[in-house]
Structure formats: C-alpha cells, structure tokens
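Heads up, final.txt below (compact mmCIF, C-alpha atoms):
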```txt
# COMPACT_ATOMS: atom_id res chain seq x y z
CA MET S 1 -32.89 -34.67 -51.70
CA SER S 2 -32.11 -31.16 -50.48
CA PRO S 3 -34.60 -29.25 -48.32
CA LYS S 4 -36.67 -26.66 -50.15
CA ILE S 5 -35.96 -23.11 -49.09
CA PHE S 6 -38.77 -20.57 -49.04
CA SER S 7 -38.13 -17.21 -50.64
CA SER S 8 -38.14 -14.16 -48.40
CA ALA S 9 -41.29 -12.95 -50.21
CA ALA S 10 -43.13 -16.18 -49.37
CA ILE S 11 -42.06 -15.93 -45.72
CA ALA S 12 -43.18 -12.29 -45.59
CA VAL S 13 -46.60 -13.23 -46.98
CA LEU S 14 -46.99 -16.01 -44.40
CA VAL S 15 -45.96 -13.72 -41.54
CA ILE S 16 -48.37 -10.97 -42.62
CA ALA S 17 -51.21 -13.46 -43.05
CA GLY S 18 -50.50 -14.84 -39.58
CA LEU S 19 -50.53 -11.36 -38.04
CA VAL S 20 -53.77 -10.43 -39.78
CA PHE S 21 -55.42 -13.67 -38.64
CA ALA S 22 -54.16 -13.19 -35.06
CA GLY S 23 -55.38 -9.57 -35.04
CA VAL S 24 -58.85 -10.57 -36.20
CA ALA S 25 -59.01 -13.42 -33.70
CA LEU S 26 -57.90 -11.23 -30.81
CA SER S 27 -60.07 -8.24 -31.68
CA SER S 28 -63.22 -10.31 -31.96
CA SER S 29 -62.58 -12.25 -28.77
CA THR S 30 -64.17 -9.53 -26.60
CA VAL S 31 -67.19 -8.97 -28.83
CA SER S 32 -70.16 -10.97 -27.71
CA THR S 33 -73.87 -10.44 -27.47
CA VAL S 34 -75.75 -9.03 -24.54
CA SER S 35 -77.41 -12.00 -22.96
CA ASP S 36 -79.36 -12.75 -19.86
CA SER S 37 -81.12 -16.00 -19.07
CA ALA S 38 -84.35 -14.05 -18.51
CA PHE S 39 -84.55 -13.23 -22.22
CA SER S 40 -86.30 -16.23 -23.70
CA ASN S 41 -88.37 -14.62 -26.45
CA HIS S 42 -86.37 -12.20 -28.54
CA LYS S 43 -88.43 -9.68 -30.49
CA ARG S 44 -85.29 -8.25 -32.08
CA PRO S 45 -81.78 -9.64 -32.77
CA LYS S 46 -79.35 -9.73 -29.83
CA VAL S 47 -77.11 -6.69 -29.32
CA ALA S 48 -73.42 -7.07 -30.16
CA PHE S 49 -71.25 -5.73 -27.34
CA ASP S 50 -67.49 -5.11 -27.18
CA HIS S 51 -66.70 -5.33 -23.48
CA SER S 52 -63.04 -4.26 -23.84
CA ALA S 53 -63.97 -1.07 -25.69
CA HIS S 54 -66.37 -0.13 -22.89
CA GLU S 55 -63.94 -1.00 -20.06
CA ALA S 56 -61.64 1.78 -21.22
CA LEU S 57 -64.46 4.34 -21.10
CA ALA S 58 -66.00 3.90 -17.67
CA ASP S 59 -65.59 2.51 -14.19
CA CYS S 60 -67.00 -1.02 -13.93
CA ASN S 61 -69.53 0.20 -11.37
CA ALA S 62 -71.09 2.48 -14.02
CA CYS S 63 -72.62 -0.58 -15.68
CA HIS S 64 -72.20 -3.28 -13.06
CA HIS S 65 -73.81 -1.22 -10.31
CA LEU S 66 -74.94 -2.66 -7.01
CA TYR S 67 -77.35 -1.02 -4.61
CA GLU S 68 -77.55 -1.97 -0.95
CA ASP S 69 -80.57 -0.62 0.93
CA GLY S 70 -81.16 1.89 -1.89
CA VAL S 71 -77.62 3.27 -1.78
CA LEU S 72 -75.06 2.76 -4.54
CA SER S 73 -72.36 0.46 -3.20
CA ASP S 74 -68.63 0.75 -3.84
CA TYR S 75 -68.77 -2.88 -4.94
CA ASP S 76 -69.89 -3.93 -8.39
CA SER S 77 -72.20 -6.65 -9.63
CA ALA S 78 -69.80 -8.15 -12.20
CA GLY S 79 -70.64 -11.78 -12.84
CA THR S 80 -74.27 -11.30 -11.83
CA GLU S 81 -77.02 -11.30 -14.43
CA CYS S 82 -78.97 -8.05 -14.57
CA SER S 83 -82.19 -10.07 -14.18
CA GLU S 84 -81.17 -11.06 -10.66
CA CYS S 85 -82.20 -7.55 -9.59
CA HIS S 86 -84.15 -6.27 -12.60
CA GLU S 87 -87.08 -8.59 -13.27
CA VAL S 88 -88.81 -8.94 -16.62
CA GLY S 89 -91.73 -6.49 -16.66
CA GLN S 90 -91.69 -5.96 -12.88
CA GLY S 91 -90.04 -3.99 -10.12
CA PRO S 92 -88.93 -0.38 -9.89
CA VAL S 93 -86.83 -0.73 -13.06
CA PRO S 94 -87.86 -3.71 -15.22
CA LEU S 95 -85.11 -5.55 -17.09
CA VAL S 96 -85.64 -4.23 -20.63
CA ILE S 97 -86.01 -0.66 -19.37
CA ALA S 98 -82.84 -1.08 -17.28
CA TYR S 99 -80.83 -2.15 -20.33
CA HIS S 100 -82.23 0.65 -22.48
CA ARG S 101 -81.66 3.32 -19.82
CA GLN S 102 -78.15 2.09 -19.12
CA CYS S 103 -76.90 1.66 -22.68
CA LYS S 104 -78.90 4.21 -24.64
CA GLY S 105 -78.72 6.74 -21.82
CA CYS S 106 -74.93 6.59 -21.71
CA HIS S 107 -74.67 6.78 -25.50
CA GLU S 108 -76.91 9.86 -25.50
CA ASP S 109 -74.97 11.51 -22.64
CA GLU S 110 -71.63 10.85 -24.33
CA LYS S 111 -72.98 11.66 -27.81
CA ALA S 112 -71.36 8.44 -29.04
CA GLY S 113 -72.62 4.98 -29.89
CA PRO S 114 -75.90 3.66 -31.24
CA VAL S 115 -79.22 4.98 -29.90
CA THR S 116 -81.93 3.68 -32.23
CA CYS S 117 -83.50 0.22 -32.14
CA ALA S 118 -82.02 -0.85 -35.49
CA GLN S 119 -78.55 0.50 -34.65
CA CYS S 120 -78.29 -1.78 -31.61
CA HIS S 121 -80.51 -4.68 -32.59
CA ASN S 122 -79.15 -5.24 -36.06
CA VAL S 123 -79.09 -8.49 -37.98
CA PRO S 124 -75.71 -10.24 -37.55
CA ARG S 125 -73.58 -10.38 -40.66
```
Would you mind giving the structure from this file in structure tokens?
Amino acid sequence: MSPKIFSSAAIAVLVIAGLVFAGVALSSSTVSTVSDSAFSNHKRPKVAFDHSAHEALADCNACHHLYEDGVLSDYDSAGTECSECHEVGQGPVPLVIAYHRQCKGCHEDEKAGPVTCAQCHNVPR
C-alpha cells in the first residue's frame, strides 16, 4: 500500500489553522484577571488585565510602586500583592481605592482604556 500524499491545499489549510491556533494561544497567555487574596467577596466580576500590553506603556514602577519611609523607591514591588501595603478598607490608601486610583487614574490621564465600572468589571464571555 502506497503512502497517501496530502495536496498542497490541505497542507496550507493545516498550516494556517496551526498558526491561528498558536496566535490565539500566545495572545491570551498574558491576559488574566486582577486578583489579590484580600478580595474574598466580589461585588462585581473580576477585571481582565493584559499585562504585556501594559508593560510596553509604562515603567514597572508606575504600577508596582514601592515606598520606603514615605519616599518612592527605585525598586518595584513586583511579585507582592497590593494588599500587603494597601489594606481592605483601612490605611492611608485602602486597597479598592488604590486599584481604582491606579488603573482608572492612568486611563483618564492617558485618555485611553476603560474608566467606568461596567467597562472594567464586565461579565466574562
């Protein structure tokens, strides 16, 4: 029995399908939801966040800021939950207010990105 040979059209379709699948898999790999262990009761859906898209726009320290004795440090807080410094409902800048100021504030300053409750906290599709 001779081996079956695929037509060039069939190979092209398989290659394109593979590239599309790989593109979708890679593009969605950086999209996650904003999460912090301090958020136990969600009043709205979690916020989808594309970390890679934001990395290209700002210095890490813009979001992952770290203050030492009230002074902004050159180091960043990457890998640390926001709630380690911003407590739920307490402190100089409570956790929910910190997120809203950081995200919404930047979106308003840059005149880009979602700024309303429903634009950020939308129901996942």
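The space separating atom CA of Val34 of chain S from atom CA of Asp109 of chain S comes to 20.6 Å.
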Query raised in the report: Using all atoms listed in the file, can you list as an NGL selection string the residues within 12 Å of (-72.6, 4.5, -15.0)?
Result: :S and (54-55 or 57-66 or 72 or 76 or 98-99 or 101-107 or 109-110)
Which residues are near segment 119-121 of chain S? Cut-off 8 Å, all atoms listed in the file, ignore same chain within fewer than 3 positions. Put them as a PyMOL selection string.
chain S and resi 44-48+114-116
Neighbours of segment 80-89 of chain S within 7 Å (all atoms listed in the file; same-chain residues fewer than 4 positions away dropped), as a PDB file with C-alpha atoms, in the frame of the given file?
```pdb
ATOM      1  CA  ASP S  36     -79.360 -12.750 -19.860  1.00  0.00           C
ATOM      2  CA  ALA S  38     -84.350 -14.050 -18.510  1.00  0.00           C
ATOM      3  CA  VAL S  93     -86.830  -0.730 -13.060  1.00  0.00           C
ATOM      4  CA  PRO S  94     -87.860  -3.710 -15.220  1.00  0.00           C
ATOM      5  CA  LEU S  95     -85.110  -5.550 -17.090  1.00  0.00           C
ATOM      6  CA  VAL S  96     -85.640  -4.230 -20.630  1.00  0.00           C
TER       7      VAL S  96
END
```
* Suppose you want the space between atom CA of Glu68 of chain S and atom CA of Ile97 of chain S; what is it in Å? ->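 Going from atom CA of Glu68 of chain S over to atom CA of Ile97 of chain S, I get 20.3 Å.
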With all atoms of segment 110-121 of chain S from the file as input, state the centre and edge lengths in Å to one decimal of the axis-aligned box that has 3 Å extra on each side, as lines of an AutoDock Vina configuration file.
```
center_x = -77.4
center_y = 3.5
center_z = -29.9
size_x = 18.1
size_y = 22.3
size_z = 17.2
```
May I ask which of the residues S:Asn122, S:Ser77, S:Gln90, S:Glu108 is the closest one to Lys43 of chain S, counting all atoms listed in the file?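 For Lys43 of chain S, the nearest of the candidates is S:Asn122.
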Computed gap from atom CA of Tyr67 of chain S to atom CA of Val31 of chain S is 27.4 Å
